[in-house]
Amino acid sequence: MERILIIEDDPEIQEMLKFAFAREGWKLIPALTGEEGLKVIREKGADCVILDIMLPGMDGFKTIKKIRAEKNLQTLPVIMCTARGEEADIVAGLELGADDYVVKPYSPRVLAARIRTALRRKEAASADAEGSKSKTVFQQGNFKIDIERHTAFLGDTPLDLFPTEYAILAHFLSNPDIVFSRQKLITAIRGHDYPVTDRSIDVQIMGLRKKLGASGDMIETIRGIGYRFKTE
């Protein structure tokens with residue numbers, strides 16, 4: 001049974017989702033604050049986290065920052081759910097490492113569909129790491145990525161990447177010099193029919209380039225189409 005942690009200070013929302021998730025066969029674990037949620041994750045673990053932004057004490061942005069700062073939690077699916085639907089908030093959440101962003105009010109069925117997608121993606125990544133016999137190490141110039149060990153390097157320096165940034169870089173390194181539209185990138189790293197905007201991909205690319213420093217310009221913008229990783 002998957003354990004879904006919801007960090008949300010509204011007891012009515014927690015109660016509503018408790019019954020909705022029970023129908024999915026999931027166990028909902030409630031937490032009222034970011035501090036309480038982090039304690040649950042560290043001590044008991046979770047398969048997916050639903051995180052509100054407006055929380056007493058430590059807000060959702062600070063909470064996800066702390067989650068992603070811990071190496072063993074960097075691939076934990078985190079879906080931010082909040083009434084703050086402005087583009088700036090969505091971009092901030094994605095830049096800090098959220099896998100998805102759902103604006104309130106939302107349907108429990110829609111949220112459940114997003115969670116199923118996140119769980120499938122996590123399952124597929126684990127299966128690839130454990131059982132894949134295909135090539136798992138890719139290198140282009142000074143870049144090296146090891147899919148099985150979930151590591152990425154620029155020269156001898158390890159790269160600290162969020163899950164989506166890592167997935168984008170892995171896709172680029174395994175397909176150098178190929179131009180991908182934003183939609184093709186979304187499909188490659190998230191699957192078909194994933195509800196995310198082109199703007200979200202632009203944000204992830206911008207964050208990835210920043211972490212690659214002077215080598216960030218190897219990810220080339222193809223005007224009117226999308227992006228490619230150009231070899232030296």
# chains A, B, ... in the order shown; residues from 1 in each chain; ligands from 1
>>> closest_atom_pairs(of="segment 116-181 of chain A", to="segment 31-47 of chain A", cutoff="12 Å", atoms="only C-alpha atoms", output="JSON lines")
{"residue": "A:Arg116", "atom": "CA", "partner": "A:Asp47", "partner_atom": "CA", "distance": 10.8}
{"residue": "A:Ala118", "atom": "CA", "partner": "A:Asp47", "partner_atom": "CA", "distance": 9.4}
{"residue": "A:Leu119", "atom": "CA", "partner": "A:Asp47", "partner_atom": "CA", "distance": 7.4}
{"residue": "A:Arg120", "atom": "CA", "partner": "A:Asp47", "partner_atom": "CA", "distance": 10.9}
{"residue": "A:Arg121", "atom": "CA", "partner": "A:Asp47", "partner_atom": "CA", "distance": 11.6}
{"residue": "A:Lys122", "atom": "CA", "partner": "A:Asp47", "partner_atom": "CA", "distance": 8.9}
{"residue": "A:Glu123", "atom": "CA", "partner": "A:Asp47", "partner_atom": "CA", "distance": 10.1}
>>> write_last_selection(atoms="N, CA and C atoms", output="mmCIF file, in the first residue's frame")
data_model
loop_
_atom_site.group_PDB
_atom_site.id
_atom_site.type_symbol
_atom_site.label_atom_id
_atom_site.label_comp_id
_atom_site.auth_asym_id
_atom_site.auth_seq_id
_atom_site.Cartn_x
_atom_site.Cartn_y
_atom_site.Cartn_z
ATOM 1 N N ARG A 116 -0.856 9.103 -9.382
ATOM 2 C CA ARG A 116 -0.609 7.833 -10.089
ATOM 3 C C ARG A 116 0.528 7.993 -11.095
ATOM 4 N N ALA A 118 2.987 10.183 -10.966
ATOM 5 C CA ALA A 118 4.244 10.335 -10.227
ATOM 6 C C ALA A 118 4.738 8.990 -9.697
ATOM 7 N N LEU A 119 3.819 8.162 -9.208
ATOM 8 C CA LEU A 119 4.193 6.846 -8.682
ATOM 9 C C LEU A 119 4.688 5.922 -9.788
ATOM 10 N N ARG A 120 4.020 5.984 -10.971
ATOM 11 C CA ARG A 120 4.464 5.159 -12.104
ATOM 12 C C ARG A 120 5.860 5.564 -12.547
ATOM 13 N N ARG A 121 6.102 6.871 -12.567
ATOM 14 C CA ARG A 121 7.408 7.367 -12.993
ATOM 15 C C ARG A 121 8.501 6.910 -12.018
ATOM 16 N N LYS A 122 8.200 6.967 -10.728
ATOM 17 C CA LYS A 122 9.163 6.526 -9.723
ATOM 18 C C LYS A 122 9.429 5.024 -9.844
ATOM 19 N N GLU A 123 8.359 4.264 -10.083
ATOM 20 C CA GLU A 123 8.474 2.813 -10.247
ATOM 21 C C GLU A 123 9.331 2.465 -11.454
#
>>> residues_around(residues="Val78 of chain A", least_positions_apart="4", cutoff="8 Å", atoms="only C-alpha atoms", output="list in words")
Cys48, Val49, Ile50, Leu51, Ile64, Gly97, Ala98, Asp99 and Asp100 of chain A
>>> write_last_selection(atoms="C-alpha atoms", output="mmCIF file, in the first residue's frame")
data_model
loop_
_atom_site.group_PDB
_atom_site.id
_atom_site.type_symbol
_atom_site.label_atom_id
_atom_site.label_comp_id
_atom_site.auth_asym_id
_atom_site.auth_seq_id
_atom_site.Cartn_x
_atom_site.Cartn_y
_atom_site.Cartn_z
ATOM 1 C CA CYS A 48 4.636 10.673 -2.544
ATOM 2 C CA VAL A 49 4.197 14.056 -0.850
ATOM 3 C CA ILE A 50 1.326 16.509 -1.331
ATOM 4 C CA LEU A 51 2.599 19.863 -0.117
ATOM 5 C CA ILE A 64 10.572 21.396 -0.388
ATOM 6 C CA GLY A 97 12.248 20.727 -7.305
ATOM 7 C CA ALA A 98 8.491 20.093 -7.294
ATOM 8 C CA ASP A 99 7.450 17.347 -9.707
ATOM 9 C CA ASP A 100 4.026 18.876 -10.280
#
>>> residues_around(residues="segment 88-93 of chain A", least_positions_apart="3", cutoff="12 Å", atoms="only C-alpha atoms", output="tab-separated table (two decimals) with N, CA and C atoms, in the first residue's frame")
chain	number	residue	atom	x	y	z
A	51	LEU	N	2.07	18.78	-0.95
A	51	LEU	CA	2.60	19.86	-0.12
A	51	LEU	C	1.89	21.19	-0.40
A	52	ASP	N	1.29	21.76	0.65
A	52	ASP	CA	0.68	23.08	0.54
A	52	ASP	C	1.78	24.14	0.67
A	53	ILE	N	1.54	25.33	0.15
A	53	ILE	CA	2.52	26.41	0.30
A	53	ILE	C	2.26	27.19	1.58
A	54	MET	N	0.99	27.60	1.78
A	54	MET	CA	0.65	28.44	2.93
A	54	MET	C	0.51	27.57	4.18
A	59	ASP	N	7.01	27.54	5.52
A	59	ASP	CA	6.08	27.42	4.40
A	59	ASP	C	6.50	26.30	3.44
A	60	GLY	N	5.67	26.08	2.41
A	60	GLY	CA	5.91	24.98	1.48
A	60	GLY	C	7.19	25.12	0.69
A	61	PHE	N	7.57	26.36	0.33
A	61	PHE	CA	8.81	26.58	-0.42
A	61	PHE	C	10.03	26.16	0.41
A	62	LYS	N	10.04	26.56	1.67
A	62	LYS	CA	11.17	26.18	2.54
A	62	LYS	C	11.17	24.68	2.80
A	63	THR	N	9.96	24.08	2.89
A	63	THR	CA	9.86	22.65	3.15
A	63	THR	C	10.43	21.83	1.99
A	64	ILE	N	10.05	22.17	0.75
A	64	ILE	CA	10.57	21.40	-0.39
A	64	ILE	C	12.07	21.62	-0.55
A	65	LYS	N	12.53	22.81	-0.19
A	65	LYS	CA	13.98	23.08	-0.26
A	65	LYS	C	14.72	22.14	0.67
A	68	ARG	N	14.63	18.47	-0.80
A	68	ARG	CA	15.57	18.26	-1.90
A	68	ARG	C	17.03	18.38	-1.46
A	78	VAL	N	7.11	14.98	-5.25
A	78	VAL	CA	6.47	16.04	-4.46
A	78	VAL	C	5.54	16.83	-5.38
A	79	ILE	N	4.27	16.89	-5.00
A	79	ILE	CA	3.27	17.64	-5.76
A	79	ILE	C	2.80	18.79	-4.88
A	80	MET	N	2.98	20.02	-5.36
A	80	MET	CA	2.56	21.18	-4.58
A	80	MET	C	1.10	21.49	-4.90
A	81	CYS	N	0.29	21.66	-3.86
A	81	CYS	CA	-1.13	21.99	-4.01
A	81	CYS	C	-1.40	23.26	-3.22
A	82	THR	N	-1.89	24.28	-3.91
A	82	THR	CA	-2.05	25.55	-3.22
A	82	THR	C	-3.05	26.44	-3.94
A	83	ALA	N	-3.58	27.40	-3.23
A	83	ALA	CA	-4.49	28.38	-3.82
A	83	ALA	C	-3.72	29.46	-4.56
A	84	ARG	N	-2.40	29.50	-4.37
A	84	ARG	CA	-1.57	30.51	-5.03
A	84	ARG	C	-1.21	30.01	-6.43
A	85	GLY	N	-1.99	30.47	-7.42
A	85	GLY	CA	-1.82	29.97	-8.78
A	85	GLY	C	-1.10	30.92	-9.72
A	96	LEU	N	12.40	24.87	-7.32
A	96	LEU	CA	12.86	24.27	-6.08
A	96	LEU	C	12.78	22.74	-6.09
A	97	GLY	N	12.21	22.18	-7.17
A	97	GLY	CA	12.25	20.73	-7.31
A	97	GLY	C	10.91	20.02	-7.24
A	98	ALA	N	9.80	20.76	-7.28
A	98	ALA	CA	8.49	20.09	-7.29
A	98	ALA	C	8.32	19.32	-8.60
A	99	ASP	N	7.71	18.15	-8.51
A	99	ASP	CA	7.45	17.35	-9.71
A	99	ASP	C	6.20	17.82	-10.43
A	100	ASP	N	5.29	18.45	-9.69
A	100	ASP	CA	4.03	18.88	-10.28
A	100	ASP	C	3.45	19.99	-9.41
A	101	TYR	N	2.41	20.67	-9.93
A	101	TYR	CA	1.84	21.81	-9.23
A	101	TYR	C	0.35	21.83	-9.53
A	102	VAL	N	-0.48	21.69	-8.51
A	102	VAL	CA	-1.94	21.66	-8.68
A	102	VAL	C	-2.54	22.84	-7.91
A	103	VAL	N	-3.37	23.61	-8.60
A	103	VAL	CA	-3.95	24.82	-8.00
A	103	VAL	C	-5.32	24.50	-7.39
A	162	PHE	N	18.02	18.66	-9.47
A	162	PHE	CA	16.69	18.20	-9.09
A	162	PHE	C	16.28	17.07	-10.05
A	196	VAL	N	1.58	19.54	-18.33
A	196	VAL	CA	2.56	20.55	-17.93
A	196	VAL	C	2.74	21.51	-19.10
A	197	THR	N	3.05	22.75	-18.80
A	197	THR	CA	3.13	23.76	-19.84
A	197	THR	C	4.54	23.86	-20.41
A	198	ASP	N	4.63	24.45	-21.63
A	198	ASP	CA	5.94	24.71	-22.22
A	198	ASP	C	6.78	25.60	-21.31
A	199	ARG	N	6.12	26.53	-20.63
A	199	ARG	CA	6.81	27.43	-19.72
A	199	ARG	C	7.55	26.65	-18.63
A	200	SER	N	6.95	25.56	-18.16
A	200	SER	CA	7.59	24.76	-17.12
A	200	SER	C	8.90	24.17	-17.61
A	201	ILE	N	8.93	23.68	-18.85
A	201	ILE	CA	10.16	23.14	-19.42
A	201	ILE	C	11.21	24.25	-19.53
A	202	ASP	N	10.80	25.45	-19.96
A	202	ASP	CA	11.73	26.57	-20.06
A	202	ASP	C	12.36	26.88	-18.70
A	203	VAL	N	11.55	26.81	-17.65
A	203	VAL	CA	12.05	27.07	-16.30
A	203	VAL	C	13.10	26.02	-15.90
A	204	GLN	N	12.79	24.75	-16.21
A	204	GLN	CA	13.73	23.67	-15.86
A	204	GLN	C	15.03	23.81	-16.64
A	205	ILE	N	14.94	24.15	-17.91
A	205	ILE	CA	16.14	24.34	-18.74
A	205	ILE	C	16.97	25.50	-18.18
A	206	MET	N	16.30	26.58	-17.80
A	206	MET	CA	16.99	27.73	-17.25
A	206	MET	C	17.75	27.36	-15.98
A	207	GLY	N	17.09	26.60	-15.09
A	207	GLY	CA	17.74	26.15	-13.86
A	207	GLY	C	18.91	25.22	-14.13
>>> select_by_dssp(residues="segment 47-167 of chain A", states="helix (DSSP H, G or I)", output="ChimeraX atom specification")
/A:60-69,71-73,87-95,108-131,163-167
>>> write_last_selection(atoms="N, CA and C atoms", output="compact mmCIF listing (two decimals), in the first residue's frame")
# COMPACT_ATOMS: atom_id res chain seq x y z
N GLY A 60 5.67 26.08 2.41
CA GLY A 60 5.91 24.98 1.48
C GLY A 60 7.19 25.12 0.69
N PHE A 61 7.57 26.36 0.33
CA PHE A 61 8.81 26.58 -0.42
C PHE A 61 10.03 26.16 0.41
N LYS A 62 10.04 26.56 1.67
CA LYS A 62 11.17 26.18 2.54
C LYS A 62 11.17 24.68 2.80
N THR A 63 9.96 24.08 2.89
CA THR A 63 9.86 22.65 3.15
C THR A 63 10.43 21.83 1.99
N ILE A 64 10.05 22.17 0.75
CA ILE A 64 10.57 21.40 -0.39
C ILE A 64 12.07 21.62 -0.55
N LYS A 65 12.53 22.81 -0.19
CA LYS A 65 13.98 23.08 -0.26
C LYS A 65 14.72 22.14 0.67
N LYS A 66 14.18 21.92 1.86
CA LYS A 66 14.82 21.02 2.82
C LYS A 66 14.72 19.57 2.36
N ILE A 67 13.59 19.21 1.73
CA ILE A 67 13.44 17.84 1.22
C ILE A 67 14.49 17.56 0.16
N ARG A 68 14.63 18.47 -0.80
CA ARG A 68 15.57 18.26 -1.90
C ARG A 68 17.03 18.38 -1.46
N ALA A 69 17.26 18.97 -0.30
CA ALA A 69 18.64 19.10 0.19
C ALA A 69 19.18 17.77 0.71
N LYS A 71 20.02 13.99 0.19
CA LYS A 71 20.34 13.19 -0.98
C LYS A 71 19.36 12.03 -1.19
N ASN A 72 18.97 11.37 -0.11
CA ASN A 72 18.09 10.21 -0.26
C ASN A 72 16.63 10.59 -0.54
N LEU A 73 16.33 11.90 -0.55
CA LEU A 73 14.96 12.35 -0.80
C LEU A 73 14.83 13.09 -2.14
N GLU A 87 1.79 32.66 -11.85
CA GLU A 87 2.91 32.04 -12.57
C GLU A 87 4.18 32.07 -11.74
N ALA A 88 4.42 33.17 -11.02
CA ALA A 88 5.65 33.30 -10.23
C ALA A 88 5.73 32.21 -9.17
N ASP A 89 4.59 31.86 -8.55
CA ASP A 89 4.58 30.81 -7.53
C ASP A 89 4.83 29.45 -8.15
N ILE A 90 4.21 29.21 -9.31
CA ILE A 90 4.39 27.93 -10.00
C ILE A 90 5.85 27.75 -10.41
N VAL A 91 6.43 28.81 -10.98
CA VAL A 91 7.83 28.77 -11.40
C VAL A 91 8.73 28.52 -10.18
N ALA A 92 8.46 29.20 -9.07
CA ALA A 92 9.27 29.03 -7.86
C ALA A 92 9.20 27.60 -7.37
N GLY A 93 8.01 27.02 -7.36
CA GLY A 93 7.85 25.64 -6.91
C GLY A 93 8.62 24.66 -7.79
N LEU A 94 8.53 24.85 -9.10
CA LEU A 94 9.24 23.96 -10.03
C LEU A 94 10.75 24.13 -9.91
N GLU A 95 11.20 25.36 -9.75
CA GLU A 95 12.64 25.59 -9.63
C GLU A 95 13.21 24.96 -8.36
N PRO A 108 -10.42 15.80 -6.29
CA PRO A 108 -9.63 14.68 -5.77
C PRO A 108 -9.25 13.67 -6.86
N ARG A 109 -10.12 13.53 -7.86
CA ARG A 109 -9.82 12.59 -8.95
C ARG A 109 -8.65 13.08 -9.80
N VAL A 110 -8.61 14.40 -10.03
CA VAL A 110 -7.50 14.97 -10.80
C VAL A 110 -6.19 14.81 -10.01
N LEU A 111 -6.24 15.12 -8.72
CA LEU A 111 -5.05 14.96 -7.89
C LEU A 111 -4.59 13.51 -7.86
N ALA A 112 -5.55 12.59 -7.75
CA ALA A 112 -5.21 11.16 -7.74
C ALA A 112 -4.53 10.75 -9.04
N ALA A 113 -4.99 11.31 -10.17
CA ALA A 113 -4.38 11.00 -11.46
C ALA A 113 -2.93 11.50 -11.50
N ARG A 114 -2.69 12.67 -10.95
CA ARG A 114 -1.32 13.21 -10.91
C ARG A 114 -0.43 12.33 -10.03
N ILE A 115 -0.98 11.87 -8.91
CA ILE A 115 -0.21 11.00 -8.01
C ILE A 115 0.12 9.67 -8.69
N ARG A 116 -0.86 9.10 -9.38
CA ARG A 116 -0.61 7.83 -10.09
C ARG A 116 0.53 7.99 -11.09
N THR A 117 0.51 9.12 -11.82
CA THR A 117 1.58 9.39 -12.79
C THR A 117 2.93 9.47 -12.09
N ALA A 118 2.99 10.18 -10.97
CA ALA A 118 4.24 10.33 -10.23
C ALA A 118 4.74 8.99 -9.70
N LEU A 119 3.82 8.16 -9.21
CA LEU A 119 4.19 6.85 -8.68
C LEU A 119 4.69 5.92 -9.79
N ARG A 120 4.02 5.98 -10.97
CA ARG A 120 4.46 5.16 -12.10
C ARG A 120 5.86 5.56 -12.55
N ARG A 121 6.10 6.87 -12.57
CA ARG A 121 7.41 7.37 -12.99
C ARG A 121 8.50 6.91 -12.02
N LYS A 122 8.20 6.97 -10.73
CA LYS A 122 9.16 6.53 -9.72
C LYS A 122 9.43 5.02 -9.84
N GLU A 123 8.36 4.26 -10.08
CA GLU A 123 8.47 2.81 -10.25
C GLU A 123 9.33 2.47 -11.45
N ALA A 124 9.07 3.16 -12.55
CA ALA A 124 9.82 2.89 -13.79
C ALA A 124 11.29 3.22 -13.60
N ALA A 125 11.59 4.31 -12.90
CA ALA A 125 12.98 4.69 -12.67
C ALA A 125 13.68 3.65 -11.81
N SER A 126 12.98 3.13 -10.80
CA SER A 126 13.56 2.11 -9.94
C SER A 126 13.81 0.82 -10.71
N ALA A 127 12.85 0.46 -11.55
CA ALA A 127 13.00 -0.77 -12.34
C ALA A 127 14.17 -0.65 -13.30
N ASP A 128 14.31 0.51 -13.91
CA ASP A 128 15.43 0.73 -14.83
C ASP A 128 16.76 0.61 -14.11
N ALA A 129 16.82 1.19 -12.91
CA ALA A 129 18.07 1.17 -12.16
C ALA A 129 18.45 -0.23 -11.70
N GLU A 130 17.43 -1.05 -11.38
CA GLU A 130 17.69 -2.37 -10.83
C GLU A 130 17.86 -3.44 -11.90
N GLY A 131 17.05 -3.36 -12.95
CA GLY A 131 17.04 -4.48 -13.87
C GLY A 131 17.45 -4.22 -15.30
N PRO A 163 15.31 16.25 -9.66
CA PRO A 163 14.94 15.09 -10.49
C PRO A 163 14.62 15.43 -11.94
N THR A 164 13.85 16.50 -12.18
CA THR A 164 13.50 16.85 -13.56
C THR A 164 14.71 17.35 -14.32
N GLU A 165 15.57 18.13 -13.66
CA GLU A 165 16.80 18.60 -14.31
C GLU A 165 17.68 17.40 -14.70
N TYR A 166 17.77 16.45 -13.79
CA TYR A 166 18.57 15.24 -14.06
C TYR A 166 18.00 14.48 -15.26
N ALA A 167 16.68 14.33 -15.29
CA ALA A 167 16.04 13.58 -16.38
C ALA A 167 16.27 14.28 -17.73
>>> closest_atom_pairs(of="segment 166-213 of chain A", to="segment 143-158 of chain A", cutoff="8 Å", atoms="only C-alpha atoms", output="Markdown table")
| residue | atom | partner | partner_atom | distance |
| --- | --- | --- | --- | --- |
| A:Tyr166 | CA | A:Ala152 | CA | 7.7 |
| A:Ala170 | CA | A:Ile145 | CA | 6.6 |
| A:Leu173 | CA | A:Ile145 | CA | 7.7 |
| A:Leu212 | CA | A:Leu154 | CA | 7.6 |
>>> write_last_selection(atoms="N, CA and C atoms", output="PDB file, in the first residue's frame")
ATOM      1  N   TYR A 166      17.772  16.451 -13.794  1.00  0.00           N
ATOM      2  CA  TYR A 166      18.569  15.245 -14.062  1.00  0.00           C
ATOM      3  C   TYR A 166      18.002  14.476 -15.256  1.00  0.00           C
ATOM      4  N   ALA A 170      19.968  13.755 -18.710  1.00  0.00           N
ATOM      5  CA  ALA A 170      20.168  12.366 -19.143  1.00  0.00           C
ATOM      6  C   ALA A 170      19.628  12.154 -20.551  1.00  0.00           C
ATOM      7  N   LEU A 173      22.085  13.896 -23.021  1.00  0.00           N
ATOM      8  CA  LEU A 173      23.367  13.212 -23.187  1.00  0.00           C
ATOM      9  C   LEU A 173      23.221  11.896 -23.944  1.00  0.00           C
ATOM     10  N   LEU A 212      25.002  24.340 -14.695  1.00  0.00           N
ATOM     11  CA  LEU A 212      26.108  23.898 -15.553  1.00  0.00           C
ATOM     12  C   LEU A 212      27.145  25.000 -15.772  1.00  0.00           C
TER      13      LEU A 212
END
>>> residues_around(residues="segment 177-185 of chain A", least_positions_apart="4", cutoff="7 Å", atoms="only C-alpha atoms", output="list in words")
Ile189, Asp198, Ile201, Ile225, Gly226, Tyr227, Arg228, Phe229, Lys230 and Thr231 of chain A
>>> write_last_selection(atoms="C-alpha atoms", output="CSV table (one decimal), in the first residue's frame")
chain,number,residue,atom,x,y,z
A,189,ILE,CA,10.8,12.6,-19.2
A,198,ASP,CA,5.9,24.7,-22.2
A,201,ILE,CA,10.2,23.1,-19.4
A,225,ILE,CA,11.2,24.6,-32.0
A,226,GLY,CA,12.8,23.7,-28.7
A,227,TYR,CA,16.3,22.6,-27.5
A,228,ARG,CA,19.2,20.4,-28.3
A,229,PHE,CA,22.5,19.4,-26.6
A,230,LYS,CA,25.2,20.3,-29.0
A,231,THR,CA,28.5,18.4,-28.9
>>> residues_around(residues="segment 11-19 of chain A", least_positions_apart="5", cutoff="8 Å", atoms="only C-alpha atoms", output="MDAnalysis selection string")
chainID A and resid 6 27:28 30 108
>>> select_by_dssp(residues="segment 29-183 of chain A", states="strand (DSSP E)", output="MDAnalysis selection string")
chainID A and resid 29:31 48:51 78:82 100:103 137:140 143:146 151:154 157:158 180:181
>>> closest_residue(among="A:Ile4, A:Leu169, A:Ile219, A:Leu159", to="Pro77 of chain A", atoms="only C-alpha atoms")
A:Ile4
>>> atom_distance(atom1="atom CA of Ile7 of chain A", atom2="atom CA of Arg23 of chain A")
19.9 Å
>>> residues_around(residues="Lys211 of chain A", least_positions_apart="2", cutoff="8 Å", atoms="only C-alpha atoms", output="NGL selection string")
:A and (159-161 or 207-209 or 213 or 216)
>>> atom_distance(atom1="atom CA of Val137 of chain A", atom2="atom CA of Lys210 of chain A")
23.1 Å
